[in-house]
file input24.pdb (PDB, C-alpha atoms and all ligand atoms)
ATOM      1  CA  MET A  73     -48.663  65.636 112.638
ATOM      2  CA  ALA A  74     -45.889  63.069 112.088
ATOM      3  CA  GLU A  75     -47.051  60.297 109.728
ATOM      4  CA  PRO A  76     -46.655  57.069 111.700
ATOM      5  CA  LYS A  77     -44.705  54.329 109.972
ATOM      6  CA  TRP A  78     -46.937  51.334 109.186
ATOM      7  CA  LEU A  79     -45.926  47.872 110.348
ATOM      8  CA  THR A  80     -45.760  44.846 108.069
ATOM      9  CA  THR A  81     -47.362  41.682 109.418
ATOM     10  CA  SER A  82     -46.219  38.118 108.771
ATOM     11  CA  ALA A  83     -48.849  37.975 106.012
ATOM     12  CA  GLY A  84     -47.116  40.902 104.285
ATOM     13  CA  ILE A  85     -49.971  43.260 105.156
ATOM     14  CA  LYS A  86     -49.347  46.882 106.121
ATOM     15  CA  MET A  87     -50.955  47.784 109.442
ATOM     16  CA  PRO A  88     -50.985  51.192 111.164
ATOM     17  CA  PRO A  89     -49.233  51.207 114.567
ATOM     18  CA  ILE A  90     -52.426  52.403 116.339
ATOM     19  CA  LEU A  91     -55.998  51.399 115.467
ATOM     20  CA  TYR A  92     -59.322  53.138 115.963
ATOM     21  CA  GLY A  93     -61.870  50.886 117.698
ATOM     22  CA  THR A  94     -65.539  51.252 116.820
ATOM     23  CA  ALA A  95     -67.257  49.409 119.694
ATOM     24  CA  TRP A  96     -70.168  50.840 121.704
ATOM     25  CA  LYS A  97     -70.771  53.917 119.551
ATOM     26  CA  LYS A  98     -74.218  52.850 118.313
ATOM     27  CA  GLU A  99     -75.887  55.558 116.199
ATOM     28  CA  GLN A 100     -72.839  57.821 116.650
ATOM     29  CA  THR A 101     -70.558  55.275 114.961
ATOM     30  CA  THR A 102     -70.509  57.026 111.573
ATOM     31  CA  THR A 103     -69.721  60.402 113.115
ATOM     32  CA  PHE A 104     -66.849  59.111 115.256
ATOM     33  CA  VAL A 105     -65.327  56.903 112.554
ATOM     34  CA  MET A 106     -65.402  59.788 110.066
ATOM     35  CA  GLN A 107     -63.846  62.082 112.656
ATOM     36  CA  ALA A 108     -61.137  59.530 113.498
ATOM     37  CA  ILE A 109     -60.185  59.025 109.851
ATOM     38  CA  GLN A 110     -60.273  62.746 109.143
ATOM     39  CA  THR A 111     -58.017  63.299 112.166
ATOM     40  CA  GLY A 112     -55.511  60.821 110.728
ATOM     41  CA  PHE A 113     -56.379  57.271 111.849
ATOM     42  CA  ARG A 114     -56.073  54.752 109.038
ATOM     43  CA  GLY A 115     -56.712  51.480 110.899
ATOM     44  CA  ILE A 116     -60.294  50.591 111.835
ATOM     45  CA  ASP A 117     -61.329  47.723 114.120
ATOM     46  CA  THR A 118     -64.897  46.424 114.145
ATOM     47  CA  ALA A 119     -66.752  43.098 114.428
ATOM     48  CA  GLY A 120     -69.737  41.163 113.142
ATOM     49  CA  GLN A 121     -71.211  41.475 116.603
ATOM     50  CA  PRO A 122     -74.178  43.875 116.547
ATOM     51  CA  LYS A 123     -74.409  43.727 120.351
ATOM     52  CA  HIS A 124     -71.285  45.910 120.590
ATOM     53  CA  TYR A 125     -70.454  47.135 117.073
ATOM     54  CA  ASP A 126     -72.442  48.791 114.301
ATOM     55  CA  GLU A 127     -70.556  47.591 111.238
ATOM     56  CA  SER A 128     -72.974  49.129 108.759
ATOM     57  CA  ARG A 129     -72.415  52.572 110.271
ATOM     58  CA  VAL A 130     -68.654  51.974 110.007
ATOM     59  CA  GLY A 131     -69.285  51.181 106.326
ATOM     60  CA  GLU A 132     -71.362  54.348 106.010
ATOM     61  CA  ALA A 133     -68.369  56.383 107.248
ATOM     62  CA  ILE A 134     -65.987  54.616 104.842
ATOM     63  CA  GLY A 135     -68.444  55.139 101.960
ATOM     64  CA  ARG A 136     -68.893  58.844 102.686
ATOM     65  CA  LEU A 137     -65.156  59.424 102.968
ATOM     66  CA  GLY A 138     -64.684  57.440  99.753
ATOM     67  CA  GLU A 139     -66.936  59.957  98.005
ATOM     68  CA  LEU A 140     -64.647  62.682  99.368
ATOM     69  CA  GLY A 141     -61.592  60.983  97.855
ATOM     70  CA  LEU A 142     -60.364  58.520 100.495
ATOM     71  CA  LYS A 143     -59.014  55.397  98.779
ATOM     72  CA  ARG A 144     -59.834  51.934 100.093
ATOM     73  CA  GLU A 145     -56.167  50.925  99.885
ATOM     74  CA  ASP A 146     -55.246  53.755 102.253
ATOM     75  CA  LEU A 147     -57.238  52.059 105.024
ATOM     76  CA  PHE A 148     -56.573  48.972 107.114
ATOM     77  CA  ILE A 149     -59.959  47.422 107.941
ATOM     78  CA  GLN A 150     -60.237  44.666 110.503
ATOM     79  CA  THR A 151     -63.414  42.857 111.460
ATOM     80  CA  LYS A 152     -64.184  39.739 113.486
ATOM     81  CA  PHE A 153     -66.164  36.569 113.392
ATOM     82  CA  THR A 154     -67.900  36.330 116.769
ATOM     83  CA  PRO A 155     -68.912  32.811 117.861
ATOM     84  CA  VAL A 156     -72.462  32.153 119.073
ATOM     85  CA  SER A 157     -71.416  32.510 122.734
ATOM     86  CA  GLY A 158     -70.510  36.169 122.130
ATOM     87  CA  GLN A 159     -73.691  37.091 120.274
ATOM     88  CA  ASP A 160     -77.066  38.440 121.320
ATOM     89  CA  HIS A 161     -79.369  35.794 119.848
ATOM     90  CA  SER A 162     -82.047  38.331 118.970
ATOM     91  CA  ASN A 163     -79.628  40.270 116.742
ATOM     92  CA  MET A 164     -76.804  38.359 115.097
ATOM     93  CA  PRO A 165     -75.331  38.179 111.591
ATOM     94  CA  TYR A 166     -75.836  34.429 111.015
ATOM     95  CA  ASP A 167     -78.063  31.508 111.839
ATOM     96  CA  PRO A 168     -76.805  30.047 115.149
ATOM     97  CA  GLU A 169     -78.141  26.633 114.109
ATOM     98  CA  ALA A 170     -76.077  26.618 110.889
ATOM     99  CA  SER A 171     -72.830  24.626 110.590
ATOM    100  CA  PRO A 172     -69.628  26.469 111.634
ATOM    101  CA  VAL A 173     -68.657  26.880 107.962
ATOM    102  CA  ASP A 174     -72.033  28.431 107.146
ATOM    103  CA  GLN A 175     -71.917  30.642 110.239
ATOM    104  CA  VAL A 176     -68.558  32.099 109.181
ATOM    105  CA  THR A 177     -69.739  32.481 105.576
ATOM    106  CA  GLN A 178     -72.962  34.251 106.552
ATOM    107  CA  SER A 179     -71.181  36.495 109.049
ATOM    108  CA  PHE A 180     -68.336  37.426 106.704
ATOM    109  CA  THR A 181     -70.700  38.060 103.766
ATOM    110  CA  SER A 182     -72.662  40.413 106.014
ATOM    111  CA  SER A 183     -69.419  42.149 107.106
ATOM    112  CA  LEU A 184     -68.367  42.816 103.498
ATOM    113  CA  ARG A 185     -71.814  44.174 102.685
ATOM    114  CA  ASN A 186     -71.878  46.354 105.819
ATOM    115  CA  LEU A 187     -68.385  47.694 105.264
ATOM    116  CA  LYS A 188     -69.017  48.384 101.545
ATOM    117  CA  THR A 189     -65.767  46.710 100.575
ATOM    118  CA  GLY A 190     -64.647  43.758  98.474
ATOM    119  CA  TYR A 191     -62.056  42.628 101.023
ATOM    120  CA  VAL A 192     -60.951  43.137 104.617
ATOM    121  CA  ASP A 193     -57.328  43.454 105.600
ATOM    122  CA  SER A 194     -57.739  41.375 108.726
ATOM    123  CA  LEU A 195     -60.351  38.875 109.926
ATOM    124  CA  VAL A 196     -60.084  38.023 113.607
ATOM    125  CA  LEU A 197     -61.714  35.150 115.465
ATOM    126  CA  HIS A 198     -63.268  36.999 118.427
ATOM    127  CA  SER A 199     -62.376  34.233 120.888
ATOM    128  CA  PRO A 200     -61.370  30.575 120.834
ATOM    129  CA  LEU A 201     -64.327  28.177 121.030
ATOM    130  CA  ALA A 202     -64.904  25.604 123.788
ATOM    131  CA  THR A 203     -62.649  22.982 122.207
ATOM    132  CA  LEU A 204     -59.677  23.079 119.848
ATOM    133  CA  ARG A 205     -61.648  21.002 117.351
ATOM    134  CA  GLN A 206     -64.449  23.600 117.258
ATOM    135  CA  THR A 207     -61.941  26.458 117.064
ATOM    136  CA  MET A 208     -60.199  24.853 114.093
ATOM    137  CA  GLU A 209     -63.488  24.196 112.277
ATOM    138  CA  VAL A 210     -64.175  27.928 112.401
ATOM    139  CA  TRP A 211     -60.552  28.790 111.616
ATOM    140  CA  ASN A 212     -60.590  26.563 108.539
ATOM    141  CA  ALA A 213     -63.750  28.347 107.353
ATOM    142  CA  MET A 214     -61.972  31.683 107.812
ATOM    143  CA  GLU A 215     -58.987  30.327 105.873
ATOM    144  CA  ALA A 216     -61.258  29.797 102.856
ATOM    145  CA  PHE A 217     -61.764  33.593 102.644
ATOM    146  CA  PHE A 218     -58.026  34.138 102.892
ATOM    147  CA  LYS A 219     -57.581  31.773  99.972
ATOM    148  CA  SER A 220     -60.270  33.545  97.939
ATOM    149  CA  GLY A 221     -58.454  36.869  98.512
ATOM    150  CA  GLU A 222     -61.359  38.479 100.366
ATOM    151  CA  VAL A 223     -59.330  38.444 103.597
ATOM    152  CA  LYS A 224     -55.665  39.420 103.611
ATOM    153  CA  GLN A 225     -54.733  37.984 107.013
ATOM    154  CA  LEU A 226     -56.224  36.134 109.984
ATOM    155  CA  GLY A 227     -56.026  36.772 113.714
ATOM    156  CA  ILE A 228     -57.297  35.617 117.071
ATOM    157  CA  SER A 229     -58.664  37.610 120.013
ATOM    158  CA  ASN A 230     -59.243  36.952 123.708
ATOM    159  CA  CYS A 231     -56.731  34.156 123.632
ATOM    160  CA  TYR A 232     -54.994  34.298 127.021
ATOM    161  CA  SER A 233     -53.649  30.756 127.073
ATOM    162  CA  LEU A 234     -50.294  30.408 125.371
ATOM    163  CA  SER A 235     -50.853  26.688 124.806
ATOM    164  CA  THR A 236     -54.166  27.424 123.031
ATOM    165  CA  LEU A 237     -52.435  29.945 120.783
ATOM    166  CA  GLN A 238     -49.629  27.468 120.100
ATOM    167  CA  SER A 239     -52.137  24.722 119.210
ATOM    168  CA  ILE A 240     -54.020  26.989 116.813
ATOM    169  CA  TYR A 241     -50.722  28.045 115.260
ATOM    170  CA  ALA A 242     -49.585  24.439 114.874
ATOM    171  CA  LYS A 243     -52.825  23.271 113.266
ATOM    172  CA  ALA A 244     -53.539  26.315 111.101
ATOM    173  CA  GLU A 245     -52.662  26.297 107.442
ATOM    174  CA  VAL A 246     -52.976  30.101 107.440
ATOM    175  CA  LYS A 247     -51.125  31.145 110.587
ATOM    176  CA  PRO A 248     -52.486  33.927 112.826
ATOM    177  CA  ALA A 249     -50.819  37.231 111.975
ATOM    178  CA  VAL A 250     -52.282  39.154 114.927
ATOM    179  CA  VAL A 251     -53.527  38.485 118.422
ATOM    180  CA  GLN A 252     -55.863  41.051 120.005
ATOM    181  CA  ASN A 253     -56.057  40.863 123.797
ATOM    182  CA  ARG A 254     -57.092  42.814 126.849
ATOM    183  CA  PHE A 255     -53.949  44.377 128.256
ATOM    184  CA  TYR A 256     -54.318  43.940 131.976
ATOM    185  CA  GLN A 257     -52.855  42.751 135.225
ATOM    186  CA  ALA A 258     -55.069  39.649 135.537
ATOM    187  CA  SER A 259     -53.364  38.043 132.524
ATOM    188  CA  GLY A 260     -49.918  39.186 133.683
ATOM    189  CA  TYR A 261     -50.026  41.493 130.641
ATOM    190  CA  ASP A 262     -49.563  38.358 128.508
ATOM    191  CA  ILE A 263     -45.797  38.493 129.013
ATOM    192  CA  ASP A 264     -45.117  34.891 127.908
ATOM    193  CA  LEU A 265     -47.719  34.944 125.175
ATOM    194  CA  ARG A 266     -46.280  38.186 123.791
ATOM    195  CA  ALA A 267     -42.734  36.823 123.833
ATOM    196  CA  TRP A 268     -43.762  33.695 121.944
ATOM    197  CA  SER A 269     -45.879  35.728 119.506
ATOM    198  CA  ALA A 270     -42.896  37.976 118.777
ATOM    199  CA  GLU A 271     -40.819  34.891 117.916
ATOM    200  CA  LYS A 272     -43.497  33.834 115.429
ATOM    201  CA  ASN A 273     -43.926  37.372 114.087
ATOM    202  CA  ILE A 274     -47.520  37.536 115.377
ATOM    203  CA  LEU A 275     -48.297  41.191 116.126
ATOM    204  CA  TYR A 276     -49.998  41.924 119.442
ATOM    205  CA  GLN A 277     -52.922  44.377 119.540
ATOM    206  CA  SER A 278     -54.025  45.676 122.952
ATOM    207  CA  PHE A 279     -57.448  46.794 124.142
ATOM    208  CA  TRP A 280     -58.615  48.031 127.579
ATOM    209  CA  THR A 281     -55.159  49.604 127.570
ATOM    210  CA  LEU A 282     -56.185  52.743 129.439
ATOM    211  CA  THR A 283     -59.353  51.582 131.193
ATOM    212  CA  ALA A 284     -57.682  48.586 132.850
ATOM    213  CA  ASN A 285     -54.610  50.497 133.972
ATOM    214  CA  PRO A 286     -55.565  53.706 135.810
ATOM    215  CA  HIS A 287     -53.093  52.764 138.567
ATOM    216  CA  LEU A 288     -50.202  52.786 136.084
ATOM    217  CA  LEU A 289     -51.333  56.006 134.421
ATOM    218  CA  ALA A 290     -51.741  57.887 137.702
ATOM    219  CA  GLY A 291     -48.491  56.822 139.333
ATOM    220  CA  ASN A 292     -44.755  56.919 138.869
ATOM    221  CA  PRO A 293     -42.833  56.577 136.646
ATOM    222  CA  VAL A 294     -45.496  57.308 133.994
ATOM    223  CA  THR A 295     -46.471  60.743 135.381
ATOM    224  CA  THR A 296     -42.844  61.831 135.776
ATOM    225  CA  ILE A 297     -41.993  60.763 132.231
ATOM    226  CA  ALA A 298     -45.135  62.478 130.939
ATOM    227  CA  ALA A 299     -44.144  65.759 132.620
ATOM    228  CA  ARG A 300     -40.617  65.471 131.184
ATOM    229  CA  HIS A 301     -41.955  65.126 127.646
ATOM    230  CA  ASN A 302     -44.834  67.556 128.186
ATOM    231  CA  ARG A 303     -47.307  64.805 127.223
ATOM    232  CA  THR A 304     -50.213  63.096 128.977
ATOM    233  CA  SER A 305     -49.881  59.786 130.832
ATOM    234  CA  ALA A 306     -52.101  58.133 128.202
ATOM    235  CA  GLN A 307     -49.727  59.310 125.469
ATOM    236  CA  VAL A 308     -46.707  57.993 127.344
ATOM    237  CA  PHE A 309     -48.330  54.605 127.921
ATOM    238  CA  PHE A 310     -49.447  54.285 124.292
ATOM    239  CA  ARG A 311     -45.985  55.373 123.121
ATOM    240  CA  PHE A 312     -44.351  52.817 125.398
ATOM    241  CA  LEU A 313     -46.493  50.086 123.835
ATOM    242  CA  THR A 314     -45.778  51.120 120.261
ATOM    243  CA  GLN A 315     -42.023  51.275 120.943
ATOM    244  CA  ARG A 316     -42.331  47.718 122.280
ATOM    245  CA  GLY A 317     -44.055  46.579 119.074
ATOM    246  CA  ILE A 318     -47.605  46.487 120.495
ATOM    247  CA  VAL A 319     -50.449  48.008 118.468
ATOM    248  CA  PRO A 320     -52.898  49.734 120.831
ATOM    249  CA  LEU A 321     -56.563  50.243 120.025
ATOM    250  CA  THR A 322     -58.266  53.420 121.057
ATOM    251  CA  GLY A 323     -61.976  54.020 120.825
ATOM    252  CA  THR A 324     -61.919  57.581 122.087
ATOM    253  CA  ARG A 325     -64.882  59.831 121.300
ATOM    254  CA  SER A 326     -62.924  62.999 122.002
ATOM    255  CA  GLU A 327     -61.329  64.887 119.132
ATOM    256  CA  GLN A 328     -58.638  66.133 121.506
ATOM    257  CA  HIS A 329     -57.766  62.549 122.513
ATOM    258  CA  MET A 330     -57.784  61.422 118.862
ATOM    259  CA  LYS A 331     -55.177  64.089 118.120
ATOM    260  CA  GLU A 332     -53.167  63.207 121.220
ATOM    261  CA  ASP A 333     -53.240  59.494 120.405
ATOM    262  CA  LEU A 334     -51.867  60.167 116.915
ATOM    263  CA  ALA A 335     -49.303  62.641 118.254
ATOM    264  CA  ILE A 336     -47.501  59.879 120.171
ATOM    265  CA  PHE A 337     -45.360  59.348 117.082
ATOM    266  CA  GLU A 338     -43.910  62.847 117.502
ATOM    267  CA  PHE A 339     -41.806  61.859 120.496
ATOM    268  CA  GLU A 340     -39.645  58.939 121.556
ATOM    269  CA  LEU A 341     -39.061  57.388 124.976
ATOM    270  CA  SER A 342     -35.484  56.573 125.931
ATOM    271  CA  ASP A 343     -34.357  53.001 126.657
ATOM    272  CA  GLU A 344     -34.220  53.890 130.331
ATOM    273  CA  GLU A 345     -37.790  55.246 130.310
ATOM    274  CA  LEU A 346     -39.021  52.163 128.479
ATOM    275  CA  LYS A 347     -37.346  49.966 131.074
ATOM    276  CA  LEU A 348     -38.926  51.853 133.973
ATOM    277  CA  ILE A 349     -42.422  51.421 132.518
ATOM    278  CA  GLU A 350     -41.748  47.788 131.610
ATOM    279  CA  GLU A 351     -40.951  47.063 135.258
ATOM    280  CA  LEU A 352     -44.566  47.970 136.131
ATOM    281  CA  LEU A 353     -45.909  45.049 134.125
TER     282      LEU A 353
HETATM  283  N1  LIG B   1     -61.560  41.879 120.998
HETATM  284  C1  LIG B   1     -62.344  42.252 121.976
HETATM  285  O1  LIG B   1     -62.975  41.432 122.656
HETATM  286  C2  LIG B   1     -62.472  43.709 122.316
HETATM  287  C3  LIG B   1     -63.048  44.084 123.534
HETATM  288  C4  LIG B   1     -63.129  45.450 123.832
HETATM  289  C5  LIG B   1     -62.672  46.387 122.919
HETATM  290  N2  LIG B   1     -62.150  45.985 121.733
HETATM  291  C6  LIG B   1     -61.713  46.978 120.719
HETATM  292  O2  LIG B   1     -60.866  47.931 121.333
HETATM  293  C7  LIG B   1     -61.382  49.243 121.118
HETATM  294  C8  LIG B   1     -60.974  50.125 122.268
HETATM  295  O3  LIG B   1     -61.686  49.741 123.418
HETATM  296  P1  LIG B   1     -61.089  49.893 124.879
HETATM  297  O4  LIG B   1     -61.837  48.930 125.735
HETATM  298  O5  LIG B   1     -59.618  49.802 124.835
HETATM  299  O6  LIG B   1     -61.490  51.317 125.378
HETATM  300  P2  LIG B   1     -61.915  52.673 124.678
HETATM  301  O7  LIG B   1     -63.253  52.508 124.082
HETATM  302  O8  LIG B   1     -60.792  53.126 123.820
HETATM  303  O9  LIG B   1     -62.062  53.606 125.932
HETATM  304  C9  LIG B   1     -60.955  54.290 126.470
HETATM  305  C10 LIG B   1     -61.423  55.219 127.569
HETATM  306  O10 LIG B   1     -60.303  56.007 127.952
HETATM  307  C11 LIG B   1     -60.637  57.392 127.836
HETATM  308  N3  LIG B   1     -59.455  58.179 127.487
HETATM  309  C12 LIG B   1     -58.873  59.103 128.251
HETATM  310  N4  LIG B   1     -57.799  59.638 127.662
HETATM  311  C13 LIG B   1     -57.685  59.072 126.466
HETATM  312  C14 LIG B   1     -56.773  59.196 125.392
HETATM  313  N5  LIG B   1     -55.762  60.049 125.362
HETATM  314  N6  LIG B   1     -56.955  58.405 124.349
HETATM  315  C15 LIG B   1     -57.945  57.522 124.317
HETATM  316  N7  LIG B   1     -58.852  57.366 125.303
HETATM  317  C16 LIG B   1     -58.732  58.136 126.369
HETATM  318  C17 LIG B   1     -61.738  57.448 126.817
HETATM  319  O11 LIG B   1     -62.518  58.586 127.017
HETATM  320  P3  LIG B   1     -62.826  59.610 125.797
HETATM  321  O12 LIG B   1     -63.778  58.957 124.874
HETATM  322  O13 LIG B   1     -63.392  60.790 126.506
HETATM  323  O14 LIG B   1     -61.494  59.908 125.161
HETATM  324  C18 LIG B   1     -62.515  56.164 127.106
HETATM  325  O15 LIG B   1     -63.416  56.367 128.155
HETATM  326  C19 LIG B   1     -62.873  49.018 120.938
HETATM  327  O16 LIG B   1     -63.524  50.063 120.256
HETATM  328  C20 LIG B   1     -62.876  47.738 120.131
HETATM  329  O17 LIG B   1     -62.618  48.025 118.770
HETATM  330  C21 LIG B   1     -62.026  44.665 121.420
END

call {"tool": "encode", "arguments": {"input": "input24.pdb", "output": "structure tokens"}}
result
Amino acid sequence: MAEPKWLTTSAGIKMPPILYGTAWKKEQTTTFVMQAIQTGFRGIDTAGQPKHYDESRVGEAIGRLGELGLKREDLFIQTKFTPVSGQDHSNMPYDPEASPVDQVTQSFTSSLRNLKTGYVDSLVLHSPLATLRQTMEVWNAMEAFFKSGEVKQLGISNCYSLSTLQSIYAKAEVKPAVVQNRFYQASGYDIDLRAWSAEKNILYQSFWTLTANPHLLAGNPVTTIAARHNRTSAQVFFRFLTQRGIVPLTGTRSEQHMKEDLAIFEFELSDEELKLIEELL
């Protein structure tokens, strides 16, 4: 398997060009995360949001692989602070009545404990809050962990308004290094937001990349290009994204798909092929 070249973010942090997502795997989380890392993934995405992610089972996988010789510095670990609106109140990693600073502190302390690590490479705000003032209160609390060295970079997710992203960027002392968004038609594939992010060296991570785009995967030109390269449509679409500087997340549970997703770095799409796929967006 070709070793994919890691990207360097604006914070100077090395990030793999494809990430393994750990959502919705419940009690199978440890098994799938171990399998993904053993297959070759080095970037792991999770969240302090027990409703969808089992961070402690992600940590279990990292711990077990550590005993087998995997070094912490060989992994890129990203977790999220999930505001109250995204939590299940019966199972959440902080007191919803606490101040925003205390919520972030409790959540992040729990993430470090769960993940059995002294630092995370990337801490992402799961979504902007109702007002910019509230968003910045939480952001400033996240910045404190950047300053202490326990977080190496910050990011924002589910931010589909360019003006919101620009306001956060303008007000932040520690600028967002990544934005993680759903890659879909309803947001116009974030064309303007991605262009502005590229100018600011904010790397774009995509999720829902395959599930939201069956029409693109099943039609031309993706199928024709896939046949030409003897690859699957999913591989061609992921490769297209990585050649355009986007970091896709995949949460596949299939070993075959894990291998295929990593094998995208073994082939290259031509400028003409990239253009044809770009025209679909
Ligand atoms: N920030 C947020 O709000 C947010 C929201 C959702 C997700 N995420 C993150 O993004 C990660 C990925 O989630 P996702 O929503 O994009 O979907 P996903 O969990 O990766 O699901 C992709 C689907 O496509 C299928 N598939 C078919 N061919 C595939 C291939 N070659 N490679 C990969 N999958 C293939 C998978 O089936 P098989 O399992 O059979 O391969 C699966 O059913 C999550 O685990 C999470 O970390 C973040």

call {"tool": "closest_residue", "arguments": {"input": "input24.pdb", "among": "A:Ala306, A:Ile274, A:Leu204, A:Ile85", "to": "ligand LIG 1 (chain B)", "atoms": "all atoms listed in the file"}}
result
A:Ala306

call {"tool": "residues_around", "arguments": {"input": "input24.pdb", "residues": "stretch 172-175 of chain A", "least_positions_apart": "6", "cutoff": "7 Å", "atoms": "all atoms listed in the file", "output": "PyMOL selection string"}}
result
chain A and resi 166+209-210+213

call {"tool": "resolve_selection", "arguments": {"input": "input24.pdb", "expression": "the PyMOL selection byres (((not hetatm)) within 8 of (chain B and resi 1))", "output": "PDB file with C-alpha atoms, in the coordinates of the input"}}
result
ATOM      1  CA  TYR A  92     -59.322  53.138 115.963  1.00  0.00           C
ATOM      2  CA  GLY A  93     -61.870  50.886 117.698  1.00  0.00           C
ATOM      3  CA  THR A  94     -65.539  51.252 116.820  1.00  0.00           C
ATOM      4  CA  ALA A  95     -67.257  49.409 119.694  1.00  0.00           C
ATOM      5  CA  TRP A  96     -70.168  50.840 121.704  1.00  0.00           C
ATOM      6  CA  ILE A 116     -60.294  50.591 111.835  1.00  0.00           C
ATOM      7  CA  ASP A 117     -61.329  47.723 114.120  1.00  0.00           C
ATOM      8  CA  THR A 118     -64.897  46.424 114.145  1.00  0.00           C
ATOM      9  CA  ALA A 119     -66.752  43.098 114.428  1.00  0.00           C
ATOM     10  CA  HIS A 198     -63.268  36.999 118.427  1.00  0.00           C
ATOM     11  CA  SER A 199     -62.376  34.233 120.888  1.00  0.00           C
ATOM     12  CA  SER A 229     -58.664  37.610 120.013  1.00  0.00           C
ATOM     13  CA  ASN A 230     -59.243  36.952 123.708  1.00  0.00           C
ATOM     14  CA  GLN A 252     -55.863  41.051 120.005  1.00  0.00           C
ATOM     15  CA  ASN A 253     -56.057  40.863 123.797  1.00  0.00           C
ATOM     16  CA  ARG A 254     -57.092  42.814 126.849  1.00  0.00           C
ATOM     17  CA  SER A 278     -54.025  45.676 122.952  1.00  0.00           C
ATOM     18  CA  PHE A 279     -57.448  46.794 124.142  1.00  0.00           C
ATOM     19  CA  TRP A 280     -58.615  48.031 127.579  1.00  0.00           C
ATOM     20  CA  THR A 281     -55.159  49.604 127.570  1.00  0.00           C
ATOM     21  CA  LEU A 282     -56.185  52.743 129.439  1.00  0.00           C
ATOM     22  CA  THR A 283     -59.353  51.582 131.193  1.00  0.00           C
ATOM     23  CA  THR A 304     -50.213  63.096 128.977  1.00  0.00           C
ATOM     24  CA  ALA A 306     -52.101  58.133 128.202  1.00  0.00           C
ATOM     25  CA  GLN A 307     -49.727  59.310 125.469  1.00  0.00           C
ATOM     26  CA  PRO A 320     -52.898  49.734 120.831  1.00  0.00           C
ATOM     27  CA  LEU A 321     -56.563  50.243 120.025  1.00  0.00           C
ATOM     28  CA  THR A 322     -58.266  53.420 121.057  1.00  0.00           C
ATOM     29  CA  GLY A 323     -61.976  54.020 120.825  1.00  0.00           C
ATOM     30  CA  THR A 324     -61.919  57.581 122.087  1.00  0.00           C
ATOM     31  CA  ARG A 325     -64.882  59.831 121.300  1.00  0.00           C
ATOM     32  CA  SER A 326     -62.924  62.999 122.002  1.00  0.00           C
ATOM     33  CA  GLU A 327     -61.329  64.887 119.132  1.00  0.00           C
ATOM     34  CA  GLN A 328     -58.638  66.133 121.506  1.00  0.00           C
ATOM     35  CA  HIS A 329     -57.766  62.549 122.513  1.00  0.00           C
ATOM     36  CA  MET A 330     -57.784  61.422 118.862  1.00  0.00           C
ATOM     37  CA  GLU A 332     -53.167  63.207 121.220  1.00  0.00           C
ATOM     38  CA  ASP A 333     -53.240  59.494 120.405  1.00  0.00           C
TER      39      ASP A 333
END

call {"tool": "resolve_selection", "arguments": {"input": "input24.pdb", "expression": "the PyMOL selection byres (((chain A and resi 106) around 12) and not hetatm)", "output": "NGL selection string"}}
result
:A and (92 or 94 or 100-105 or 107-114 or 116 or 129-138 or 140 or 142 or 325 or 327 or 330)

call {"tool": "closest_residue", "arguments": {"input": "input24.pdb", "among": "A:Ala202, A:Leu237, A:Gln178, A:Asn273", "to": "A:Phe217", "atoms": "only C-alpha atoms"}}
result
A:Gln178

call {"tool": "atom_distance", "arguments": {"input": "input24.pdb", "atom1": "atom CA of A:Ala258", "atom2": "atom CA of A:Ala244"}}
result
27.9 Å

call {"tool": "resolve_selection", "arguments": {"input": "input24.pdb", "expression": "the PyMOL selection byres (((chain A and resi 350) around 12) and not hetatm)", "output": "list in words"}}
result
Tyr261, Ile263, Leu288, Pro293, Val294, Phe309, Phe312, Leu313, Gln315, Arg316, Leu341, Asp343, Glu344, Glu345, Leu346, Lys347, Leu348, Ile349, Glu351, Leu352 and Leu353 of chain A

call {"tool": "write_last_selection", "arguments": {"input": "input24.pdb", "atoms": "C-alpha atoms", "output": "mmCIF file, keeping the file's coordinate frame"}}
result
data_model
loop_
_atom_site.group_PDB
_atom_site.id
_atom_site.type_symbol
_atom_site.label_atom_id
_atom_site.label_comp_id
_atom_site.auth_asym_id
_atom_site.auth_seq_id
_atom_site.Cartn_x
_atom_site.Cartn_y
_atom_site.Cartn_z
ATOM 1 C CA TYR A 261 -50.026 41.493 130.641
ATOM 2 C CA ILE A 263 -45.797 38.493 129.013
ATOM 3 C CA LEU A 288 -50.202 52.786 136.084
ATOM 4 C CA PRO A 293 -42.833 56.577 136.646
ATOM 5 C CA VAL A 294 -45.496 57.308 133.994
ATOM 6 C CA PHE A 309 -48.330 54.605 127.921
ATOM 7 C CA PHE A 312 -44.351 52.817 125.398
ATOM 8 C CA LEU A 313 -46.493 50.086 123.835
ATOM 9 C CA GLN A 315 -42.023 51.275 120.943
ATOM 10 C CA ARG A 316 -42.331 47.718 122.280
ATOM 11 C CA LEU A 341 -39.061 57.388 124.976
ATOM 12 C CA ASP A 343 -34.357 53.001 126.657
ATOM 13 C CA GLU A 344 -34.220 53.890 130.331
ATOM 14 C CA GLU A 345 -37.790 55.246 130.310
ATOM 15 C CA LEU A 346 -39.021 52.163 128.479
ATOM 16 C CA LYS A 347 -37.346 49.966 131.074
ATOM 17 C CA LEU A 348 -38.926 51.853 133.973
ATOM 18 C CA ILE A 349 -42.422 51.421 132.518
ATOM 19 C CA GLU A 351 -40.951 47.063 135.258
ATOM 20 C CA LEU A 352 -44.566 47.970 136.131
ATOM 21 C CA LEU A 353 -45.909 45.049 134.125
#

call {"tool": "residues_around", "arguments": {"input": "input24.pdb", "residues": "A:Glu245", "least_positions_apart": "4", "cutoff": "12 Å", "atoms": "all atoms listed in the file", "output": "PyMOL selection string"}}
result
chain A and resi 208+211-216+218-219+225-226+239-241+249

call {"tool": "atom_distance", "arguments": {"input": "input24.pdb", "atom1": "atom CA of A:Pro155", "atom2": "atom CA of A:Thr189"}}
result
22.4 Å
